[in-house]
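Structure file final-v9.cif; described as mmCIF, C-alpha atoms.
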data_structure
#
loop_
_atom_site.label_atom_id
_atom_site.label_comp_id
_atom_site.auth_asym_id
_atom_site.auth_seq_id
_atom_site.Cartn_x
_atom_site.Cartn_y
_atom_site.Cartn_z
CA ALA A 1 113.78 86.51 73.12
CA PHE A 2 111.88 86.29 76.45
CA TRP A 3 109.13 84.09 75.04
CA GLU A 4 111.12 80.89 75.40
CA LEU A 5 112.07 81.46 79.04
CA GLY A 6 108.77 80.40 80.60
CA PRO A 7 108.13 77.11 78.80
CA THR A 8 111.76 75.94 78.66
CA ALA A 9 112.59 76.51 82.34
CA GLY A 10 110.66 73.37 83.29
CA ILE A 11 112.16 71.29 80.49
CA ALA A 12 115.73 72.22 81.44
CA GLY A 13 115.42 70.60 84.88
CA SER A 14 115.88 73.94 86.65
CA ASP A 15 115.26 74.50 90.34
CA GLU A 16 112.03 76.13 91.50
CA GLY A 17 113.57 79.59 91.89
CA HIS A 18 114.85 79.55 88.33
CA LYS A 19 111.49 78.30 87.02
CA LEU A 20 109.65 81.07 88.87
CA CYS A 21 112.06 83.73 87.61
CA CYS A 22 111.72 82.60 83.99
CA ASP A 23 107.97 82.18 84.33
CA ARG A 24 107.57 85.75 85.64
CA ILE A 25 109.80 87.24 82.93
CA PHE A 26 107.71 85.51 80.28
CA GLY A 27 104.41 86.16 82.08
CA ASN A 28 105.00 89.84 82.71
CA LEU A 29 105.92 90.52 79.11
CA HIS A 30 102.88 88.56 77.96
CA GLU A 31 100.55 90.37 80.39
CA GLN A 32 101.74 93.83 79.39
CA SER A 33 101.90 93.23 75.63
CA VAL A 34 98.15 93.50 74.97
CA PRO A 35 97.63 96.86 76.72
CA PHE A 36 100.85 98.14 75.12
CA LEU A 37 99.83 97.16 71.59
CA VAL A 38 96.29 98.51 71.96
CA THR A 39 97.30 101.87 73.45
CA THR A 40 100.19 102.34 71.02
CA TRP A 41 97.86 101.71 68.11
CA LEU A 42 95.22 104.08 69.53
CA HIS A 43 97.84 106.77 70.10
CA ALA A 44 99.17 106.38 66.56
CA VAL A 45 95.69 106.61 65.01
CA PHE A 46 94.19 109.42 67.11
CA VAL A 47 97.17 111.46 68.33
CA SER A 48 100.43 111.02 66.43
CA PRO A 49 102.15 108.05 64.80
CA VAL A 50 105.57 109.63 65.40
CA ASP A 51 104.85 110.18 69.10
CA ALA A 52 103.44 106.65 69.38
CA GLY A 53 106.68 105.32 67.94
CA ILE A 54 108.79 107.28 70.41
CA LEU A 55 106.63 106.33 73.38
CA GLY A 56 106.49 102.71 72.21
CA ALA A 57 110.28 102.56 71.92
CA SER A 58 110.50 103.94 75.46
CA TRP A 59 108.13 101.22 76.69
CA LEU A 60 110.26 98.57 74.98
CA MET A 61 113.37 99.95 76.68
CA PHE A 62 111.73 99.61 80.09
CA ARG A 63 110.51 96.10 79.19
CA ALA A 64 114.06 95.11 78.28
CA LEU A 65 115.13 96.05 81.82
CA TYR A 66 112.66 93.61 83.38
CA ALA A 67 114.63 90.41 82.74
CA PRO A 68 117.98 91.55 84.15
CA LEU A 69 116.27 93.19 87.13
CA ARG A 70 114.27 90.03 87.80
CA ILE A 71 117.37 87.85 87.55
CA MET A 72 119.19 90.13 90.01
CA GLY A 73 116.39 89.49 92.50
CA ASN A 74 113.60 91.62 93.85
CA MET A 75 112.03 92.80 97.05
CA PRO A 76 108.60 94.45 97.34
CA GLY A 77 108.81 97.94 95.86
CA GLY A 78 112.30 97.13 94.73
CA LYS A 79 114.25 97.00 91.52
CA LEU A 80 111.44 95.67 89.31
CA SER A 81 109.63 98.96 89.84
CA LEU A 82 112.26 100.57 87.61
CA SER A 83 110.84 98.55 84.73
CA THR A 84 107.17 98.06 85.53
CA LEU A 85 106.06 101.45 86.83
CA PRO A 86 107.33 103.52 83.88
CA GLY A 87 105.77 100.90 81.58
CA TYR A 88 102.39 101.27 83.28
CA ALA A 89 102.66 105.06 83.11
CA LEU A 90 103.44 104.96 79.38
CA ILE A 91 100.49 102.67 78.68
CA ILE A 92 98.12 104.87 80.68
CA TYR A 93 99.40 108.03 79.01
CA MET A 94 99.14 106.67 75.46
CA GLY A 95 95.65 105.29 76.02
CA LEU A 96 94.32 108.29 77.91
CA SER A 97 95.79 110.73 75.37
CA ALA A 98 94.05 108.91 72.54
CA VAL A 99 90.67 108.66 74.27
CA LEU A 100 90.66 112.26 75.47
CA LEU A 101 91.60 113.62 72.05
CA ALA A 102 89.29 111.35 70.03
CA CYS A 103 86.24 111.66 72.29
CA PHE A 104 86.54 115.12 73.82
CA GLY A 105 89.05 117.03 71.70
CA PHE A 106 91.27 117.44 74.78
CA ASP A 107 95.01 117.36 74.05
CA LEU A 108 96.72 115.86 77.09
CA ARG A 109 100.20 116.72 75.84
CA ALA A 110 99.22 120.37 75.37
CA ALA A 111 97.77 120.38 78.89
CA ALA A 112 101.14 119.10 80.14
CA PHE A 113 102.87 122.16 78.60
CA GLY A 114 103.77 120.19 75.46
CA SER A 115 105.76 117.62 77.41
CA HIS A 116 105.21 113.89 77.17
CA ILE A 117 107.29 113.43 80.31
CA LEU A 118 105.07 115.73 82.40
CA GLY A 119 101.99 114.01 80.98
CA ILE A 120 103.37 110.58 81.81
CA ILE A 121 104.26 111.65 85.35
CA ALA A 122 100.78 113.13 85.86
CA CYS A 123 99.16 109.92 84.61
CA PHE A 124 101.35 107.83 86.88
CA LEU A 125 100.54 109.96 89.93
CA ALA A 126 96.82 109.74 89.18
CA PHE A 127 97.11 105.96 88.73
CA PHE A 128 99.05 105.60 91.97
CA ALA A 129 96.53 107.73 93.90
CA ASN A 130 93.65 105.67 92.50
CA PHE A 131 95.49 102.43 93.31
CA SER A 132 96.04 103.58 96.91
CA ILE A 133 92.36 104.48 97.34
CA VAL A 134 91.17 101.16 95.91
CA LEU A 135 93.65 99.24 98.06
CA ASN A 136 92.39 100.96 101.22
CA ILE A 137 88.78 100.22 100.29
CA GLN A 138 89.63 96.55 99.69
CA LYS A 139 91.38 96.31 103.04
CA ARG A 140 88.30 97.63 104.84
CA PHE A 141 85.89 95.22 103.16
CA PHE A 142 88.00 92.12 102.67
CA SER A 143 90.40 91.97 105.61
CA LYS A 144 89.96 89.21 108.18
#

What does this structure look like when you write it as structure tokens?
Amino acid sequence: AFWELGPTAGIAGSDEGHKLCCDRIFGNLHEQSVPFLVTTWLHAVFVSPVDAGILGASWLMFRALYAPLRIMGNMPGGKLSLSTLPGYALIIYMGLSAVLLACFGFDLRAAAFGSHILGIIACFLAFFANFSIVLNIQKRFFSK
């Protein structure tokens, strides 16, 4: 149902704040859909279709939180993180699990003591650490 928010906000004569809110709800879902679909498909083919379904349903649940959280307002590192960060972690976990198993025979879930949740947390922490390193490098080279 989010797809109509972006285009129709401008038609409805809404104020700029409402247009931005609707545009971001639509845009964020659109931006995250491609990685979600690709990694869910890869996970289903190379790891487990049942697990891909469970993880995909979890991702959809977090996506559904985005609109109400966005409408309630946001501050940097605020409420939207409750939707976006678990979504990123799920995408990373599904994709990484598929690549590691298909290319190297390494079962990420088994390495996480059979727990998707531990695997997802580990992937998120690795992503966050990498993000922090890249951000610091960018600041050194591109700051004024």

Using all atoms listed in the file, find the one residue out of A:His30, A:Arg24, A:Lys19, A:His43 that sits nearest to A:Leu108.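 Of A:His30, A:Arg24, A:Lys19, A:His43, the one nearest A:Leu108, counting all atoms listed in the file, is A:His43.
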
Using all atoms listed in the file: which of A:Asn136, A:Phe46, A:Ser81, A:Cys21 has the shortest distance to A:Ser97: A:Phe46

Taking the file as shown, find all residues satisfying the PyMOL selection byres ((chain A and resi 32) around 12) and write them as a list in words.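 Written out, the selection comes to Arg24, Ile25, Phe26, Gly27, Asn28, Leu29, His30, Glu31, Ser33, Val34, Pro35, Phe36, Leu37, Val38, Thr39, Trp59, Leu60, Phe62, Arg63, Tyr66, Ser83, Thr84, Leu85, Gly87, Tyr88, Ala89, Leu90, Ile91 and Ile92 of chain A.
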
I need the chosen residues saved as a PDB file, keeping the file's coordinate frame, with C-alpha atoms.
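File selection-v9.pdb, as written:
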ATOM      1  CA  ARG A  24     107.570  85.750  85.640  1.00  0.00           C
ATOM      2  CA  ILE A  25     109.800  87.240  82.930  1.00  0.00           C
ATOM      3  CA  PHE A  26     107.710  85.510  80.280  1.00  0.00           C
ATOM      4  CA  GLY A  27     104.410  86.160  82.080  1.00  0.00           C
ATOM      5  CA  ASN A  28     105.000  89.840  82.710  1.00  0.00           C
ATOM      6  CA  LEU A  29     105.920  90.520  79.110  1.00  0.00           C
ATOM      7  CA  HIS A  30     102.880  88.560  77.960  1.00  0.00           C
ATOM      8  CA  GLU A  31     100.550  90.370  80.390  1.00  0.00           C
ATOM      9  CA  SER A  33     101.900  93.230  75.630  1.00  0.00           C
ATOM     10  CA  VAL A  34      98.150  93.500  74.970  1.00  0.00           C
ATOM     11  CA  PRO A  35      97.630  96.860  76.720  1.00  0.00           C
ATOM     12  CA  PHE A  36     100.850  98.140  75.120  1.00  0.00           C
ATOM     13  CA  LEU A  37      99.830  97.160  71.590  1.00  0.00           C
ATOM     14  CA  VAL A  38      96.290  98.510  71.960  1.00  0.00           C
ATOM     15  CA  THR A  39      97.300 101.870  73.450  1.00  0.00           C
ATOM     16  CA  TRP A  59     108.130 101.220  76.690  1.00  0.00           C
ATOM     17  CA  LEU A  60     110.260  98.570  74.980  1.00  0.00           C
ATOM     18  CA  PHE A  62     111.730  99.610  80.090  1.00  0.00           C
ATOM     19  CA  ARG A  63     110.510  96.100  79.190  1.00  0.00           C
ATOM     20  CA  TYR A  66     112.660  93.610  83.380  1.00  0.00           C
ATOM     21  CA  SER A  83     110.840  98.550  84.730  1.00  0.00           C
ATOM     22  CA  THR A  84     107.170  98.060  85.530  1.00  0.00           C
ATOM     23  CA  LEU A  85     106.060 101.450  86.830  1.00  0.00           C
ATOM     24  CA  GLY A  87     105.770 100.900  81.580  1.00  0.00           C
ATOM     25  CA  TYR A  88     102.390 101.270  83.280  1.00  0.00           C
ATOM     26  CA  ALA A  89     102.660 105.060  83.110  1.00  0.00           C
ATOM     27  CA  LEU A  90     103.440 104.960  79.380  1.00  0.00           C
ATOM     28  CA  ILE A  91     100.490 102.670  78.680  1.00  0.00           C
ATOM     29  CA  ILE A  92      98.120 104.870  80.680  1.00  0.00           C
TER      30      ILE A  92
END

Best match for closeness to A:Phe106 among A:Ile120, A:Leu42, A:Val47, A:Leu65, counting only C-alpha atoms: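 Smallest separation from A:Phe106 among the options: A:Val47.
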
What's the 12 Å shell around A:Ile117, counting only C-alpha atoms, without same-chain residues fewer than 4 positions away, as a list in words?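 After dropping sequence-adjacent residues, the list is Asp51, Ile54, Leu55, Ser58, Pro86, Ala89, Leu90, Tyr93, Met94, Leu108, Arg109, Ala110, Ala111, Ala112, Phe113, Ile121, Ala122, Cys123 and Phe124 of chain A.
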
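In this structure, atom CA of A:Leu100 sits 12.7 Å away from atom CA of A:Gly119.
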
Could you pull out every residue with an atom within 8 Å of (91.3, 112.6, 66.9), file coordinates, counting only C-alpha atoms, and send them as a list in words?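 The requested residues, written out, are Val45, Phe46, Val47, Ala98, Leu101, Ala102, Cys103 and Gly105 of chain A.
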
Between A:Arg140, A:His18, A:Phe104, A:Phe131, single out the one closest to A:Met72, counting all atoms listed in the file.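 Closest to A:Met72 of all the choices is A:His18.
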
Box time for stretch 125-135 of chain A: axis-aligned, enclosing all its listed atoms, 8 Å extra on each side; report centre and edge lengths in Å to one decimal, as JSON.
{"center_x": 95.9, "center_y": 104.6, "center_z": 93.4, "size_x": 25.4, "size_y": 26.7, "size_z": 25.3}

Please indicate the distance in Å from atom CA of A:Leu20 to atom CA of A:Leu80, rounded to one decimal place.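 Separation between atom CA of A:Leu20 and atom CA of A:Leu80: 14.7 Å.
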
Atom-to-atom span, atom CA of A:Ala126 and atom CA of A:Asp107, Å: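 Rounded to one decimal, the two atoms are 17.0 Å apart.
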